[in-house]
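**Student:** Next up is a structure, given as structure tokens.
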Protein chains: 4
Amino acid sequence: MIRVVIIGDGYTAADLVRILSLHEKVRITAVTSVENVGAKLSELYPSLTGLVDITLQETDLDQLKTRADAAFLALPHGLSVPIVAELVESGIKCVDLGADFRLKDVEVYKKHYQLEHGRPDLLREAVYGLPEIYRQEVKTARIVANPGCYPTGAILGLAPLLRTGLISSKGIIVDSKSGVTGAGRGLSRNTHFCEVNEGFKAYGVGNHRHAPEIEQELSAAAGEKISITFTPHLVPMSRGILTTAYAEMKPGVRPDEIRGALEESYGSERFVKVLPAGTYPQTRWVYGSNYVHIGVFVNPDDGRVIVITAIDNLTKGASGQAVQNFNLLFGLDEAEALKAPAIYP
Amino acid sequence: MIRVVIIGDGYTAADLVRILSLHEKVRITAVTSVENVGAKLSELYPSLTGLVDITLQETDLDQLKTRADAAFLALPHGLSVPIVAELVESGIKCVDLGADFRLKDVEVYKKHYQLEHGRPDLLREAVYGLPEIYRQEVKTARIVANPGCYPTGAILGLAPLLRTGLISSKGIIVDSKSGVTGAGRGLSRNTHFCEVNEGFKAYGVGNHRHAPEIEQELSAAAGEKISITFTPHLVPMSRGILTTAYAEMKPGVRPDEIRGALEESYGSERFVKVLPAGTYPQTRWVYGSNYVHIGVFVNPDDGRVIVITAIDNLTKGASGQAVQNFNLLFGLDEAEALKAPAIYP
Amino acid sequence: MIRVVIIGDGYTAADLVRILSLHEKVRITAVTSVENVGAKLSELYPSLTGLVDITLQETDLDQLKTRADAAFLALPHGLSVPIVAELVESGIKCVDLGADFRLKDVEVYKKHYQLEHGRPDLLREAVYGLPEIYRQEVKTARIVANPGCYPTGAILGLAPLLRTGLISSKGIIVDSKSGVTGAGRGLSRNTHFCEVNEGFKAYGVGNHRHAPEIEQELSAAAGEKISITFTPHLVPMSRGILTTAYAEMKPGVRPDEIRGALEESYGSERFVKVLPAGTYPQTRWVYGSNYVHIGVFVNPDDGRVIVITAIDNLTKGASGQAVQNFNLLFGLDEAEALKAPAIYP
Amino acid sequence: MIRVVIIGDGYTAADLVRILSLHEKVRITAVTSVENVGAKLSELYPSLTGLVDITLQETDLDQLKTRADAAFLALPHGLSVPIVAELVESGIKCVDLGADFRLKDVEVYKKHYQLEHGRPDLLREAVYGLPEIYRQEVKTARIVANPGCYPTGAILGLAPLLRTGLISSKGIIVDSKSGVTGAGRGLSRNTHFCEVNEGFKAYGVGNHRHAPEIEQELSAAAGEKISITFTPHLVPMSRGILTTAYAEMKPGVRPDEIRGALEESYGSERFVKVLPAGTYPQTRWVYGSNYVHIGVFVNPDDGRVIVITAIDNLTKGASGQAVQNFNLLFGLDEAEALKAPAIYP
């Protein structure tokens, strides 16, 4: 059995436990906390009552190092760097679900997270854990930077079109809509039921931290620096992100090439499904699962391309993808513990 | 008292009754139905129990003509034309909440509604009932074409910027998100609770009937023919439309001119509120009311303009706006029966 | 104009402002706060943007006394007593939306709120503000104890049956289900969207503070001391309380007498509607309104009586009822500012 | 591999496919339909896109008999009897998710379903498939009558207390609250999003078909005929049933015996968790899973017992329990394909 520790006890940690509890090769040896040390995990998440017997403990790295082959870090940004540094040195493979190892440019990181990155060397080493793009790199990594939820949906929809040069790199708009779990378990007016329920809003307009992450990966796909417009919105639901991305076909491209590029990219992918023409995804169709649904529309009159992707933000957008990366890191079936279809309806 | 008849018994008809029940100058003399003739309106809408005593009747125009000074038509498209024709001839002012008198070009109407328009003369005469733009024309009209819900939010957000020439007429994207009441009271898989709840999706991608209506009015504002990209989405909530519109500043325009144009357009408007910089609307803030909230962001680096508007699709997007038009038609205070703030939270 | 101050800035205060903004005889001269002094009320509740221009101020009683004919107190329990004491002495009529003046027995108050009541004399004087029961007393009161939300629904459903001796005073069960606004605007895990959404639970099982309040009023109706079983539940919605109350017909009572007693009690009431046989209320039918819907079922075989009531917990269950009491206190039309039907759907 | 056919294509059929797609010993050889013959199952349920390749076919029993070792029937009542009769004769074990084999008394069946039962002999033979009560009988059955969703929650909460004689058999009240999937996939006003969302109501007051089913099993547990009061309610959520059951301790019983009886009954059960004192279930904690959570409160002053149970109505209340029964029928691990914790949050 591969011994796993989870550092953090928020929603992504809980989803990791949910998924890993079904993983036949994994034993969770510790889950750590700051606020809830000493509590049973099932007190925080009664859905686990009688299923896992884990008492939350402090993040004592010396102890964790003796118990772990792999670590999942589910922490606010800024906190992962020193922990990852110490763990990898001890030979523990790390999947960081936070933001600390995603942005390759320390200046961009500093600008958007107001922090000096303490270990740019590890940043360079870390692999951006989008397996559909970086599968080979993940397999041999020590540190996997698990992608943000919005970036997962946006990049999977657009990267194949940029890589193949079918769409213009200018004027791309990513209009995303997320369920409330994306805001985490912390208390704030923004997650108070009555402030969210039966309403819809945009937030982070013009300055969301996921924009540079999307730009980094779309730039890599295009082979040139890309700026996008990114607008996240909050949907009165718990899980799911729908991303509606707008781009323009390059002159001379035929509409069917757009769909073709997506189908070719994902034809052999386990988790990404390109929907038939005329069908556009519903986040509910991937609820609780690691699947990604993609729909695409091209207006032949003006060359407008609309790519729509749906993911579960906590699963493919966080913990499911983290387990997918973990499976790759340890040479396991990539879909181990991730095969369940969405809960529908 | 002004005698009013309502033709139709769907959600917009119900919202008309709700609003008009508080109107001090109005007496509703009839509400007509096809499927529910003989039923009490309060059986269909028990929220009206003990408040209005209306029995649904057939649409007998001869009888209605003797009872009405004004008629609200809340019918599926195609059905309003002959009724309006007969009523206006009898001197009854008509506010049509359906689509039959909105599109000035009969060819566009035919293309999008698959119908020959029977009375292009009346179409030419009808006034597009967006009071913030066509107030003077509404006041003297016989027929008011009450705007669609999506167009109301989109046009109010963009028209001032096109009219003043501050944004490019090319590449405009209207990404809209609507509550489920927009789909009406009819039964379909698309409005089944379990197919909608806890999920989010796009629909009508590339071919929604409100696109030509938005284009017509944005073209009028710009003074040139405009094509837009319009993508509606379905939010798991009952009421509200949030529209996120993307445009580009014209070269040489300063970001503050964008906000300035909106504030100038709506500074003296009763129902339209331009929110402070950095504040973006939540549909809940206008829930059940006739108000419109507008937020705006301009990225000085790339000239990207994002205008976000929120309305209640049944009120400002349908029945409230219809009453606003009615008030104008009869020389009343435009806000009569429409002053209530939103229900919040 | 009657000058009104509102002490508190939570959800019930916001609903008071919403309602009073339409009241033709009222001018709100101050709204006070602890946490948000200096902020615009419309910053906390953007639904009021452009509709009311109120800056939150401290609760300076000396100043308030010069500005008010009436005060609404919307405070956590324990805080109202000294304020009410001082205001009534200055001739200001007080409607307290909190719990401090509801329980006539100071020992019961102490047991359930862990507080010594500082002014039992005022407690004795205060009138329990359920106008359908205590209308005459309210008219001449100085202090009105506005009922709790759960008690409003429970008492209106059961009191007529106890008063008339049609049901047994033993074994009454009140199974209530409330929307989340009942928990207020404060932040807690219990109101976090993701902990509430798409789920349903009971809470306060066996020890909710509204039980003694219900018991007090049912005892008064029955003329004997009554104990009940009360179980509140949390519904994933913002507004509304449905109460399903179970009782037993006394021997010899005919089923139609049960309905008869309710219809007789409420036949001339403006806000209480007894629904037709076979129709049971939906909270949505009273959403945002001051109305109460009551449905009743009697099983002739075993004498089981089920009374189901629906209210909007923030309106008839708090702020609407407070305005209803205010209207009575000042000799106004009891329904002033409260006539609007529910928002439906 | 055990060959399985599913007869029906509604929500419970979809949940069967979801669960069975992870079952290592099962191959689904056919799913049948009336309305959707020829369609892909993944067109009806796009959550299955790329995961199962099943085309809906007619219910051709001759053909099915050659392809099946077991059949799940997910049909409206009245339709299962002839199909089950024919299949069992061919040696195919049947799990009927409908109502046709649940009520042992054909007169009760006739009264509540307005149908003559065609095969009372098979009715007598069928085992009521609540494994926690009838595990041994299920193992050797040919026909399993899978319990109704409401009965599952109610019986599991109350049967141990009746069997042990700790509570009175008189005056039991079952107040249940269900998500909307319980109403199935058919279209009706009752499942229209806008009629359900943000509201709460009772329905089937005094005459719901699940009452006699609950009474049958509680009577069996008590060893005497029991009548209950059952009130179902509709919660604006998709999945989950919370049941709040009220009973009275018999004289001389100690409160801790109540909890003791539940813990003893379920201590070794895989799927039933008795929560710690003071903790009451949330339906979300069992969302999408086969688990049952039970909380219990006893008022020592008046002997009132409140038992609260939570299940997922589609899983433990239908398809999960059906697979649990299937596993027993074929001598497999009872939890095969059912181990996943709930999706939370």
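Each chain in the structure tokens gets a letter, A, B, ..., in the order shown, and its residues are numbered from 1; ligands are numbered from 1 in order too.
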Skipping near chain neighbours, those fewer than 6 positions away, what residues fall within 9 Å of Val95 of chain B using only C-alpha atoms, listed as a list in words?
**Tutor:** Ala70, Ala71, Phe72, Leu73, Ala74, Val84, Gly129, Arg142, Ile143, Val144, Ala145, Asn146, Ala322, Val323, Asn325 and Phe326 of chain B
**Student:** What parts of segment 25-244 of chain A does DSSP call helix (DSSP H, G or I)? I'd like the answer as a ChimeraX atom specification.
**Tutor:** /A:41-44,46-48,61-65,80-89,106-113,120-125,131-139,149-163,180-183,189-191,193-196,210-222
**Student:** Could you give me the residues within segment 138-310 of chain B that DSSP places in strand (DSSP E), as a count of residues only?
**Tutor:** 42
**Student:** Extract, using only C-alpha atoms, all DNA, RNA and protein residues at most 7 Å from Tyr287 of chain C, discarding same-chain residues fewer than 5 positions from it, and format them as a compact mmCIF listing (two decimals) with N, CA, C and O atoms, in the first residue's frame.
**Tutor:**
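Below you can see out.txt, which holds the result:
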# COMPACT_ATOMS: atom_id res chain seq x y z
N ARG C 239 -36.20 32.13 2.24
CA ARG C 239 -37.33 32.62 3.01
C ARG C 239 -38.44 31.59 3.11
O ARG C 239 -38.67 30.86 2.17
N GLY C 240 -39.18 31.67 4.20
CA GLY C 240 -40.35 30.83 4.34
C GLY C 240 -40.28 29.89 5.51
O GLY C 240 -39.21 29.36 5.83
N ASP C 312 -43.89 33.88 5.37
CA ASP C 312 -42.53 34.33 5.09
C ASP C 312 -41.93 34.70 6.43
O ASP C 312 -42.43 35.59 7.13
N ALA C 342 -47.44 38.05 -2.73
CA ALA C 342 -46.15 37.38 -2.79
C ALA C 342 -45.55 37.49 -4.19
O ALA C 342 -46.27 37.61 -5.18
N ILE C 343 -44.24 37.43 -4.23
CA ILE C 343 -43.54 37.27 -5.51
C ILE C 343 -43.67 35.81 -5.90
O ILE C 343 -43.17 34.93 -5.20
**Student:** Would you kindly report the residues of chain D within 6 Å of chain B, using only C-alpha atoms, as a ChimeraX atom specification?
**Tutor:** /D:191-194,238
**Student:** So which residues touch segment 28-32 of chain B within 8 Å, counting only C-alpha atoms, skipping near sequence neighbours fewer than 2 positions away, as a ChimeraX atom specification?
**Tutor:** /B:3-9,17,20,26,34,37,54-59,64,67-68
**Student:** Compile the contact shell of Ala154 of chain C as JSON, numbers by chain: residues with an atom at most 7 Å away, counting only C-alpha atoms, same-chain residues fewer than 2 positions apart removed.
**Tutor:** {"C": [150, 151, 152, 156, 157, 158, 174, 214, 243]}
**Student:** For segment 160-171 of chain C, list every protein, DNA or RNA residue within 8 Å, evaluated using only C-alpha atoms, and leave out those in the same chain fewer than 6 positions away; present the list as a ChimeraX atom specification.
**Tutor:** /C:218,221-223,226-229,247-250,253,257-258,261-262,265
**Student:** Got a sec: who's within 8 Å of Leu48 of chain B, counting only C-alpha atoms, leaving out chain neighbours fewer than 6 positions off, as JSON, numbers by chain?
**Tutor:** {"B": [18, 41, 42], "C": [285, 341, 342]}
**Student:** Grab the residues selected above and save them as a compact mmCIF listing (two decimals), in the first residue's frame with N, CA and C atoms.
**Tutor:**
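Wrote again.txt, looks like this:
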# COMPACT_ATOMS: atom_id res chain seq x y z
N ARG B 18 -49.87 40.60 -10.21
CA ARG B 18 -49.21 40.98 -8.95
C ARG B 18 -48.93 42.47 -8.91
N LEU B 41 -58.08 32.43 -11.22
CA LEU B 41 -56.66 32.72 -11.36
C LEU B 41 -55.89 32.30 -10.11
N SER B 42 -56.56 32.42 -8.96
CA SER B 42 -55.89 32.04 -7.71
C SER B 42 -55.73 30.53 -7.56
N TRP C 285 -45.97 30.65 -1.91
CA TRP C 285 -47.19 31.42 -2.15
C TRP C 285 -47.29 32.67 -1.28
N PRO C 341 -48.93 41.34 -2.94
CA PRO C 341 -48.98 39.87 -2.97
C PRO C 341 -47.55 39.31 -2.97
N ALA C 342 -47.44 38.05 -2.73
CA ALA C 342 -46.15 37.38 -2.79
C ALA C 342 -45.55 37.49 -4.19
**Student:** Can you tell me how far atom CA of Ala340 of chain A sits from atom CA of Gly288 of chain D, in Å to one decimal?
**Tutor:** 11.3 Å
**Student:** Could you tell me which of D:Arg124, D:Arg259, D:Arg304, D:Lys65 comes closest to Ile173 of chain D if we count only C-alpha atoms?
**Tutor:**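 With only C-alpha atoms as the atom set, the closest residue is D:Arg304.
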**Student:** Which residue is closest to Arg102 of chain B? Choose from B:Lys25, B:Arg270, B:Lys339, B:His210 and count only C-alpha atoms.
**Tutor:** B:His210
